[in-house]
file data_11.pdb (PDB, C-alpha atoms, pLDDT in the B column)
ATOM      1  CA  MET A  38       0.000   0.000   0.000  1.00 52.00           C
ATOM      2  CA  LEU A  39       2.856   2.314   0.895  1.00 52.00           C
ATOM      3  CA  ASP A  40       4.548   1.456  -2.325  1.00 66.00           C
ATOM      4  CA  LEU A  41       1.360   2.326  -4.273  1.00 62.00           C
ATOM      5  CA  ASN A  42       1.047   5.708  -2.511  1.00 65.00           C
ATOM      6  CA  ALA A  43       4.667   6.499  -3.278  1.00 65.00           C
ATOM      7  CA  LYS A  44       4.133   5.589  -6.900  1.00 62.00           C
ATOM      8  CA  LEU A  45       1.001   7.731  -7.088  1.00 64.00           C
ATOM      9  CA  SER A  46       2.839  10.586  -5.428  1.00 67.00           C
ATOM     10  CA  THR A  47       5.735  10.218  -7.845  1.00 70.00           C
ATOM     11  CA  PHE A  48       3.304  10.036 -10.771  1.00 63.00           C
ATOM     12  CA  ARG A  49       1.467  13.183  -9.577  1.00 65.00           C
ATOM     13  CA  LYS A  50       4.765  15.018  -9.163  1.00 68.00           C
ATOM     14  CA  MET A  51       5.814  14.024 -12.686  1.00 69.00           C
ATOM     15  CA  VAL A  52       2.469  15.149 -14.129  1.00 65.00           C
ATOM     16  CA  TRP A  53       2.574  18.297 -12.085  1.00 69.00           C
ATOM     17  CA  ASP A  54       6.159  19.115 -13.108  1.00 67.00           C
ATOM     18  CA  GLU A  55       5.315  18.432 -16.745  1.00 71.00           C
ATOM     19  CA  GLU A  56       2.175  20.591 -16.599  1.00 69.00           C
ATOM     20  CA  LYS A  57       4.088  23.294 -14.757  1.00 69.00           C
ATOM     21  CA  ALA A  58       6.849  23.257 -17.379  1.00 69.00           C
ATOM     22  CA  LYS A  59       4.263  23.270 -20.139  1.00 71.00           C
ATOM     23  CA  SER A  60       2.374  26.098 -18.457  1.00 68.00           C
ATOM     24  CA  GLU A  61       5.568  28.109 -17.908  1.00 68.00           C
ATOM     25  CA  LYS A  62       6.528  27.599 -21.561  1.00 70.00           C
ATOM     26  CA  GLU A  63       3.087  28.737 -22.712  1.00 69.00           C
ATOM     27  CA  LEU A  64       3.298  31.701 -20.348  1.00 66.00           C
ATOM     28  CA  TYR A  65       6.767  32.571 -21.702  1.00 66.00           C
ATOM     29  CA  ASN A  66       5.569  32.198 -25.305  1.00 67.00           C
ATOM     30  CA  SER A  67       2.462  34.214 -24.561  1.00 65.00           C
ATOM     31  CA  THR A  68       4.499  36.951 -22.835  1.00 66.00           C
ATOM     32  CA  HIS A  69       6.987  36.977 -25.720  1.00 64.00           C
ATOM     33  CA  VAL A  70       4.161  37.217 -28.323  1.00 62.00           C
ATOM     34  CA  ASN A  71       2.376  39.883 -26.305  1.00 62.00           C
ATOM     35  CA  SER A  72       5.614  41.810 -25.852  1.00 65.00           C
ATOM     36  CA  SER A  73       6.248  41.681 -29.627  1.00 69.00           C
ATOM     37  CA  GLN A  74       2.688  42.748 -30.346  1.00 69.00           C
ATOM     38  CA  ILE A  75       2.965  45.593 -27.824  1.00 69.00           C
ATOM     39  CA  ASP A  76       6.270  46.726 -29.348  1.00 71.00           C
ATOM     40  CA  GLU A  77       4.760  46.569 -32.838  1.00 73.00           C
ATOM     41  CA  LYS A  78       1.658  48.426 -31.669  1.00 71.00           C
ATOM     42  CA  LYS A  79       3.833  51.018 -29.922  1.00 72.00           C
ATOM     43  CA  GLU A  80       5.934  51.467 -33.064  1.00 76.00           C
ATOM     44  CA  ASN A  81       2.785  51.892 -35.204  1.00 74.00           C
ATOM     45  CA  LEU A  82       1.347  54.396 -32.736  1.00 72.00           C
ATOM     46  CA  GLU A  83       4.601  56.380 -32.764  1.00 75.00           C
ATOM     47  CA  LYS A  84       4.574  56.405 -36.587  1.00 78.00           C
ATOM     48  CA  ASP A  85       0.935  57.534 -36.617  1.00 74.00           C
ATOM     49  CA  LEU A  86       1.698  60.222 -34.043  1.00 73.00           C
ATOM     50  CA  LYS A  87       4.671  61.443 -36.078  1.00 79.00           C
ATOM     51  CA  LYS A  88       2.541  61.567 -39.255  1.00 79.00           C
ATOM     52  CA  THR A  89      -0.222  63.403 -37.398  1.00 76.00           C
ATOM     53  CA  LEU A  90       2.229  65.941 -35.963  1.00 76.00           C
ATOM     54  CA  GLU A  91       3.841  66.491 -39.371  1.00 79.00           C
ATOM     55  CA  SER A  92       0.418  66.852 -40.959  1.00 77.00           C
ATOM     56  CA  ARG A  93      -0.669  69.357 -38.293  1.00 77.00           C
ATOM     57  CA  ARG A  94       2.610  71.278 -38.583  1.00 79.00           C
ATOM     58  CA  SER A  95       2.209  71.415 -42.360  1.00 76.00           C
ATOM     59  CA  PHE A  96      -1.433  72.480 -42.027  1.00 73.00           C
ATOM     60  CA  ALA A  97      -0.511  75.161 -39.460  1.00 72.00           C
ATOM     61  CA  GLN A  98       2.232  76.446 -41.760  1.00 79.00           C
ATOM     62  CA  ILE A  99      -0.180  76.607 -44.712  1.00 79.00           C
ATOM     63  CA  ARG A 100      -2.770  78.388 -42.559  1.00 77.00           C
ATOM     64  CA  GLY A 101      -0.083  80.759 -41.295  1.00 73.00           C
ATOM     65  CA  ASN A 102       1.021  81.529 -44.860  1.00 75.00           C
ATOM     66  CA  GLU A 103      -2.609  82.054 -45.876  1.00 75.00           C
ATOM     67  CA  LYS A 104      -3.128  84.476 -42.990  1.00 76.00           C
ATOM     68  CA  ILE A 105       0.055  86.383 -43.894  1.00 78.00           C
ATOM     69  CA  SER A 106      -1.014  86.555 -47.554  1.00 76.00           C
ATOM     70  CA  LYS A 107      -4.483  87.718 -46.564  1.00 77.00           C
ATOM     71  CA  LEU A 108      -3.033  90.363 -44.237  1.00 73.00           C
ATOM     72  CA  GLU A 109      -0.641  91.579 -46.957  1.00 74.00           C
ATOM     73  CA  GLU A 110      -3.542  91.729 -49.442  1.00 79.00           C
ATOM     74  CA  GLU A 111      -5.659  93.706 -46.966  1.00 77.00           C
ATOM     75  CA  GLN A 112      -2.763  96.110 -46.366  1.00 73.00           C
ATOM     76  CA  LYS A 113      -2.328  96.618 -50.121  1.00 71.00           C
ATOM     77  CA  THR A 114      -6.064  97.179 -50.544  1.00 75.00           C
ATOM     78  CA  ASN A 115      -6.085  99.659 -47.659  1.00 75.00           C
ATOM     79  CA  PHE A 116      -3.015 101.395 -49.079  1.00 72.00           C
ATOM     80  CA  TYR A 117      -4.557 101.746 -52.548  1.00 77.00           C
ATOM     81  CA  SER A 118      -7.884 102.822 -51.063  1.00 81.00           C
ATOM     82  CA  HIS A 119      -6.075 105.491 -49.053  1.00 77.00           C
ATOM     83  CA  LYS A 120      -4.190 106.680 -52.146  1.00 77.00           C
ATOM     84  CA  GLU A 121      -7.464 106.804 -54.107  1.00 82.00           C
ATOM     85  CA  TYR A 122      -9.077 108.743 -51.262  1.00 85.00           C
ATOM     86  CA  LEU A 123      -6.180 111.241 -51.251  1.00 81.00           C
ATOM     87  CA  LEU A 124      -6.427 111.659 -55.040  1.00 82.00           C
ATOM     88  CA  ASN A 125     -10.189 112.254 -54.920  1.00 87.00           C
ATOM     89  CA  ASP A 126      -9.711 114.664 -52.030  1.00 87.00           C
ATOM     90  CA  MET A 127      -7.082 116.591 -53.981  1.00 84.00           C
ATOM     91  CA  VAL A 128      -9.238 116.699 -57.132  1.00 88.00           C
ATOM     92  CA  SER A 129     -12.144 117.954 -55.026  1.00 90.00           C
ATOM     93  CA  GLU A 130      -9.902 120.663 -53.570  1.00 91.00           C
ATOM     94  CA  ILE A 131      -8.755 121.692 -57.082  1.00 90.00           C
ATOM     95  CA  LYS A 132     -12.392 121.928 -58.198  1.00 91.00           C
ATOM     96  CA  ASN A 133     -13.230 124.151 -55.219  1.00 93.00           C
ATOM     97  CA  LYS A 134     -10.255 126.420 -55.959  1.00 93.00           C
ATOM     98  CA  LEU A 135     -11.310 126.706 -59.617  1.00 92.00           C
ATOM     99  CA  LYS A 136     -14.886 127.542 -58.608  1.00 93.00           C
ATOM    100  CA  GLU A 137     -13.500 130.382 -56.509  1.00 94.00           C
ATOM    101  CA  TYR A 138     -11.262 131.462 -59.379  1.00 94.00           C
ATOM    102  CA  THR A 139     -14.251 131.776 -61.775  1.00 94.00           C
ATOM    103  CA  LYS A 140     -15.531 134.606 -59.557  1.00 92.00           C
ATOM    104  CA  THR A 141     -12.393 136.716 -60.032  1.00 94.00           C
ATOM    105  CA  GLU A 142     -11.685 139.516 -62.509  1.00 93.00           C
ATOM    106  CA  ASP A 143      -8.718 137.559 -63.897  1.00 94.00           C
ATOM    107  CA  TYR A 144     -11.035 134.729 -64.935  1.00 95.00           C
ATOM    108  CA  LYS A 145     -13.593 137.092 -66.490  1.00 91.00           C
ATOM    109  CA  LYS A 146     -10.858 138.777 -68.489  1.00 91.00           C
ATOM    110  CA  SER A 147      -9.145 135.558 -69.590  1.00 94.00           C
ATOM    111  CA  LEU A 148     -12.376 133.797 -70.665  1.00 95.00           C
ATOM    112  CA  LYS A 149     -12.879 135.923 -73.812  1.00 93.00           C
ATOM    113  CA  GLU A 150      -9.148 135.841 -74.582  1.00 94.00           C
ATOM    114  CA  ASN A 151      -9.116 132.050 -74.367  1.00 94.00           C
ATOM    115  CA  ILE A 152     -12.185 131.690 -76.613  1.00 93.00           C
ATOM    116  CA  ASP A 153     -10.691 134.049 -79.225  1.00 91.00           C
ATOM    117  CA  LYS A 154      -7.373 132.221 -79.135  1.00 93.00           C
ATOM    118  CA  GLU A 155      -9.095 128.856 -79.588  1.00 92.00           C
ATOM    119  CA  LEU A 156     -11.093 130.136 -82.585  1.00 90.00           C
ATOM    120  CA  ASP A 157      -7.902 131.615 -84.118  1.00 90.00           C
ATOM    121  CA  ASP A 158      -5.994 128.361 -83.578  1.00 91.00           C
ATOM    122  CA  LEU A 159      -8.813 126.404 -85.194  1.00 87.00           C
ATOM    123  CA  ASP A 160      -9.070 129.016 -87.955  1.00 85.00           C
ATOM    124  CA  GLU A 161     -12.874 128.889 -87.678  1.00 78.00           C
ATOM    125  CA  ASP A 162     -15.615 131.481 -88.021  1.00 81.00           C
ATOM    126  CA  PRO A 163     -17.315 132.100 -84.626  1.00 80.00           C
ATOM    127  CA  SER A 164     -20.701 132.062 -86.368  1.00 87.00           C
ATOM    128  CA  ASP A 165     -20.131 128.353 -87.235  1.00 88.00           C
ATOM    129  CA  PHE A 166     -20.188 127.492 -83.535  1.00 90.00           C
ATOM    130  CA  THR A 167     -22.419 127.775 -80.537  1.00 94.00           C
ATOM    131  CA  ILE A 168     -20.234 128.878 -77.658  1.00 94.00           C
ATOM    132  CA  LEU A 169     -21.397 127.297 -74.414  1.00 96.00           C
ATOM    133  CA  VAL A 170     -20.442 128.926 -71.112  1.00 96.00           C
ATOM    134  CA  LYS A 171     -21.830 129.071 -67.580  1.00 94.00           C
ATOM    135  CA  GLU A 172     -25.032 131.069 -67.303  1.00 94.00           C
ATOM    136  CA  ALA A 173     -23.224 133.593 -65.070  1.00 92.00           C
ATOM    137  CA  ASP A 174     -20.547 134.129 -67.776  1.00 94.00           C
ATOM    138  CA  LYS A 175     -22.910 134.911 -70.672  1.00 93.00           C
ATOM    139  CA  ASP A 176     -23.078 138.621 -69.768  1.00 91.00           C
ATOM    140  CA  LEU A 177     -19.277 138.848 -70.209  1.00 91.00           C
ATOM    141  CA  LEU A 178     -19.354 137.830 -73.904  1.00 92.00           C
ATOM    142  CA  SER A 179     -20.849 139.090 -77.163  1.00 88.00           C
ATOM    143  CA  TYR A 180     -20.591 136.253 -79.700  1.00 88.00           C
ATOM    144  CA  PRO A 181     -23.385 135.597 -82.221  1.00 86.00           C
ATOM    145  CA  ASN A 182     -24.301 132.148 -80.838  1.00 90.00           C
ATOM    146  CA  LEU A 183     -24.104 131.849 -77.077  1.00 93.00           C
ATOM    147  CA  GLY A 184     -25.540 128.988 -75.057  1.00 93.00           C
ATOM    148  CA  SER A 185     -25.442 127.734 -71.481  1.00 95.00           C
ATOM    149  CA  MET A 186     -23.605 124.729 -70.159  1.00 95.00           C
ATOM    150  CA  ASP A 187     -24.156 122.916 -66.878  1.00 93.00           C
ATOM    151  CA  ASP A 188     -22.392 124.360 -63.826  1.00 90.00           C
ATOM    152  CA  LYS A 189     -20.760 120.961 -63.235  1.00 93.00           C
ATOM    153  CA  TYR A 190     -18.171 122.022 -65.845  1.00 95.00           C
ATOM    154  CA  ILE A 191     -16.974 124.651 -63.287  1.00 94.00           C
ATOM    155  CA  GLY A 192     -15.762 127.181 -65.849  1.00 95.00           C
ATOM    156  CA  GLY A 193     -14.195 127.541 -69.293  1.00 95.00           C
ATOM    157  CA  PHE A 194     -16.181 126.932 -72.486  1.00 96.00           C
ATOM    158  CA  ILE A 195     -17.334 124.431 -75.110  1.00 96.00           C
ATOM    159  CA  LEU A 196     -17.236 125.190 -78.843  1.00 95.00           C
ATOM    160  CA  LYS A 197     -20.017 123.177 -80.424  1.00 93.00           C
ATOM    161  CA  ALA A 198     -20.267 123.010 -84.223  1.00 91.00           C
ATOM    162  CA  ASN A 199     -23.710 124.204 -85.363  1.00 90.00           C
ATOM    163  CA  ASP A 200     -24.126 121.131 -87.579  1.00 88.00           C
ATOM    164  CA  GLY A 201     -23.539 118.936 -84.468  1.00 85.00           C
ATOM    165  CA  SER A 202     -20.608 117.112 -86.076  1.00 86.00           C
ATOM    166  CA  TYR A 203     -18.064 117.838 -83.329  1.00 88.00           C
ATOM    167  CA  GLN A 204     -17.228 119.979 -80.331  1.00 92.00           C
ATOM    168  CA  TYR A 205     -14.173 121.235 -78.452  1.00 93.00           C
ATOM    169  CA  ASN A 206     -14.480 120.903 -74.698  1.00 95.00           C
ATOM    170  CA  ARG A 207     -12.244 123.478 -73.014  1.00 95.00           C
ATOM    171  CA  THR A 208     -13.952 123.410 -69.635  1.00 96.00           C
ATOM    172  CA  TYR A 209     -12.100 123.190 -66.328  1.00 95.00           C
ATOM    173  CA  LEU A 210     -13.782 119.862 -65.586  1.00 94.00           C
ATOM    174  CA  ALA A 211     -12.446 118.400 -68.854  1.00 94.00           C
ATOM    175  CA  ARG A 212      -8.949 119.669 -68.016  1.00 92.00           C
ATOM    176  CA  ILE A 213      -9.107 118.054 -64.588  1.00 92.00           C
ATOM    177  CA  GLU A 214     -10.303 114.738 -66.065  1.00 91.00           C
ATOM    178  CA  ASP A 215      -7.624 114.880 -68.788  1.00 91.00           C
ATOM    179  CA  ASN A 216      -4.925 115.524 -66.189  1.00 89.00           C
ATOM    180  CA  LYS A 217      -6.203 113.257 -63.414  1.00 85.00           C
ATOM    181  CA  TYR A 218      -3.539 110.663 -64.179  1.00 84.00           C
ATOM    182  CA  GLU A 219      -0.770 113.263 -63.919  1.00 87.00           C
ATOM    183  CA  ILE A 220      -2.293 114.688 -60.737  1.00 84.00           C
ATOM    184  CA  GLY A 221      -2.384 111.171 -59.281  1.00 82.00           C
ATOM    185  CA  ARG A 222       1.157 110.372 -60.332  1.00 85.00           C
ATOM    186  CA  THR A 223       2.466 113.581 -58.750  1.00 84.00           C
ATOM    187  CA  LEU A 224       0.483 112.939 -55.585  1.00 78.00           C
ATOM    188  CA  TYR A 225       1.696 109.329 -55.305  1.00 78.00           C
ATOM    189  CA  LYS A 226       5.312 110.406 -55.797  1.00 80.00           C
ATOM    190  CA  LEU A 227       4.929 112.906 -52.961  1.00 77.00           C
ATOM    191  CA  PHE A 228       3.201 110.258 -50.864  1.00 70.00           C
ATOM    192  CA  GLU A 229       5.964 107.684 -51.471  1.00 73.00           C
ATOM    193  CA  ARG A 230       8.696 110.250 -50.803  1.00 71.00           C
ATOM    194  CA  GLU A 231       7.003 111.165 -47.510  1.00 63.00           C
ATOM    195  CA  SER A 232       6.674 107.465 -46.555  1.00 58.00           C
ATOM    196  CA  PHE A 233      10.354 106.905 -47.399  1.00 49.00           C
ATOM    197  CA  ASN A 234      11.420 109.893 -45.272  1.00 55.00           C
ATOM    198  CA  GLU A 235       9.316 108.627 -42.350  1.00 53.00           C
ATOM    199  CA  SER A 236      10.864 105.152 -42.609  1.00 52.00           C
ATOM    200  CA  LYS A 237      14.364 106.683 -42.422  1.00 55.00           C
ATOM    201  CA  ASN A 238      13.554 108.569 -39.186  1.00 53.00           C
TER     202      ASN A 238
END
call {"tool": "encode", "arguments": {"input": "data_11.pdb", "output": "structure tokens"}}
result
Amino acid sequence: MLDLNAKLSTFRKMVWDEEKAKSEKELYNSTHVNSSQIDEKKENLEKDLKKTLESRRSFAQIRGNEKISKLEEEQKTNFYSHKEYLLNDMVSEIKNKLKEYTKTEDYKKSLKENIDKELDDLDEDPSDFTILVKEADKDLLSYPNLGSMDDKYIGGFILKANDGSYQYNRTYLARIEDNKYEIGRTLYKLFERESFNESKN
């Protein structure tokens, strides 16, 4: 009986040791596989994180460049708007000065002289034209065909052929419009010179 118990005990120990060894091997293999899977997963996560960070950095840089471009465009627009405002303001000031000038004796005297000179230069008979002037200027002249022009022309005159084929606009408004580019160019040069001087100080 003792011998049978010893044999059973030995058998159990052998089975137990074998199962333990088997279990430890499976545990080792499982740990090794899990460790490899974790390392692989970790490596994939790090790659994904790196890609995400690079993508975000690239996106932020693009957005930053877009914002800079937009800001530069707004500054240019504001700059050109300001220049246009200054030009219109200057033209308006010139118009006001000319309106004041049309009330002076110098203007009244020069109006007839300028009309005569224009007719001489054109080598035309005054009776072939209707001479349009401001209503207030008609009393200053004595040509055969006098007519009125709108006060928007400020001053000066229009020679209009009686057959309606052509006309010569010598009004102050026409001169301003004809010279608006030059006025603007002069103004912008002064503006740029002033900006340059300010940037040096």
call {"tool": "closest_residue", "arguments": {"input": "data_11.pdb", "among": "A:Gly101, A:Leu196, A:Ser129, A:Lys140", "to": "A:Leu159", "atoms": "all atoms listed in the file"}}
result
A:Leu196
call {"tool": "residues_around", "arguments": {"input": "data_11.pdb", "residues": "A:Asn182", "least_positions_apart": "4", "cutoff": "8 Å", "atoms": "all atoms listed in the file", "output": "ChimeraX atom specification"}}
result
/A:163-164,166-168
call {"tool": "write_last_selection", "arguments": {"input": "data_11.pdb", "atoms": "C-alpha atoms", "output": "PDB file, keeping the file's coordinate frame"}}
result
ATOM      1  CA  PRO A 163     -17.315 132.100 -84.626  1.00 80.00           C
ATOM      2  CA  SER A 164     -20.701 132.062 -86.368  1.00 87.00           C
ATOM      3  CA  PHE A 166     -20.188 127.492 -83.535  1.00 90.00           C
ATOM      4  CA  THR A 167     -22.419 127.775 -80.537  1.00 94.00           C
ATOM      5  CA  ILE A 168     -20.234 128.878 -77.658  1.00 94.00           C
TER       6      ILE A 168
END
call {"tool": "closest_residue", "arguments": {"input": "data_11.pdb", "among": "A:Leu82, A:Ile152, A:Val170, A:Ile213", "to": "A:Glu130", "atoms": "all atoms listed in the file"}}
result
A:Ile213
call {"tool": "closest_residue", "arguments": {"input": "data_11.pdb", "among": "A:Ile191, A:Leu123, A:Ala198, A:Ile131", "to": "A:Leu156", "atoms": "all atoms listed in the file"}}
result
A:Ala198
call {"tool": "residues_around", "arguments": {"input": "data_11.pdb", "residues": "A:Tyr218", "least_positions_apart": "6", "cutoff": "12 Å", "atoms": "all atoms listed in the file", "output": "PyMOL selection string"}}
result
chain A and resi 121+124-125+128+212+224-225
call {"tool": "closest_residue", "arguments": {"input": "data_11.pdb", "among": "A:Lys120, A:Ile195, A:Glu103, A:Lys217", "to": "A:Glu229", "atoms": "only C-alpha atoms"}}
result
A:Lys120
call {"tool": "residues_near_point", "arguments": {"input": "data_11.pdb", "point": "(-14.1, 121.0, -62.8)", "cutoff": "10 Å", "atoms": "all atoms listed in the file", "output": "PyMOL selection string"}}
result
chain A and resi 128-129+131-136+188-193+208-214
call {"tool": "write_last_selection", "arguments": {"input": "data_11.pdb", "atoms": "C-alpha atoms", "output": "mmCIF file, keeping the file's coordinate frame"}}
result
data_model
loop_
_atom_site.group_PDB
_atom_site.id
_atom_site.type_symbol
_atom_site.label_atom_id
_atom_site.label_comp_id
_atom_site.auth_asym_id
_atom_site.auth_seq_id
_atom_site.Cartn_x
_atom_site.Cartn_y
_atom_site.Cartn_z
ATOM 1 C CA VAL A 128 -9.238 116.699 -57.132
ATOM 2 C CA SER A 129 -12.144 117.954 -55.026
ATOM 3 C CA ILE A 131 -8.755 121.692 -57.082
ATOM 4 C CA LYS A 132 -12.392 121.928 -58.198
ATOM 5 C CA ASN A 133 -13.230 124.151 -55.219
ATOM 6 C CA LYS A 134 -10.255 126.420 -55.959
ATOM 7 C CA LEU A 135 -11.310 126.706 -59.617
ATOM 8 C CA LYS A 136 -14.886 127.542 -58.608
ATOM 9 C CA ASP A 188 -22.392 124.360 -63.826
ATOM 10 C CA LYS A 189 -20.760 120.961 -63.235
ATOM 11 C CA TYR A 190 -18.171 122.022 -65.845
ATOM 12 C CA ILE A 191 -16.974 124.651 -63.287
ATOM 13 C CA GLY A 192 -15.762 127.181 -65.849
ATOM 14 C CA GLY A 193 -14.195 127.541 -69.293
ATOM 15 C CA THR A 208 -13.952 123.410 -69.635
ATOM 16 C CA TYR A 209 -12.100 123.190 -66.328
ATOM 17 C CA LEU A 210 -13.782 119.862 -65.586
ATOM 18 C CA ALA A 211 -12.446 118.400 -68.854
ATOM 19 C CA ARG A 212 -8.949 119.669 -68.016
ATOM 20 C CA ILE A 213 -9.107 118.054 -64.588
ATOM 21 C CA GLU A 214 -10.303 114.738 -66.065
#
call {"tool": "resolve_selection", "arguments": {"input": "data_11.pdb", "expression": "the PyMOL selection byres ((chain A and resi 177) around 10)", "output": "VMD selection string"}}
result
chain A and resid 145 to 146 148 to 149 173 to 176 178 to 180
call {"tool": "atom_distance", "arguments": {"input": "data_11.pdb", "atom1": "atom CA of A:Asp153", "atom2": "atom CA of A:Asp215"}}
result
22.0 Å
call {"tool": "atom_distance", "arguments": {"input": "data_11.pdb", "atom1": "atom CA of A:Phe194", "atom2": "atom CA of A:Leu169"}}
result
5.6 Å
call {"tool": "atom_distance", "arguments": {"input": "data_11.pdb", "atom1": "atom CA of A:Gln98", "atom2": "atom CA of A:Asn115"}}
result
25.4 Å
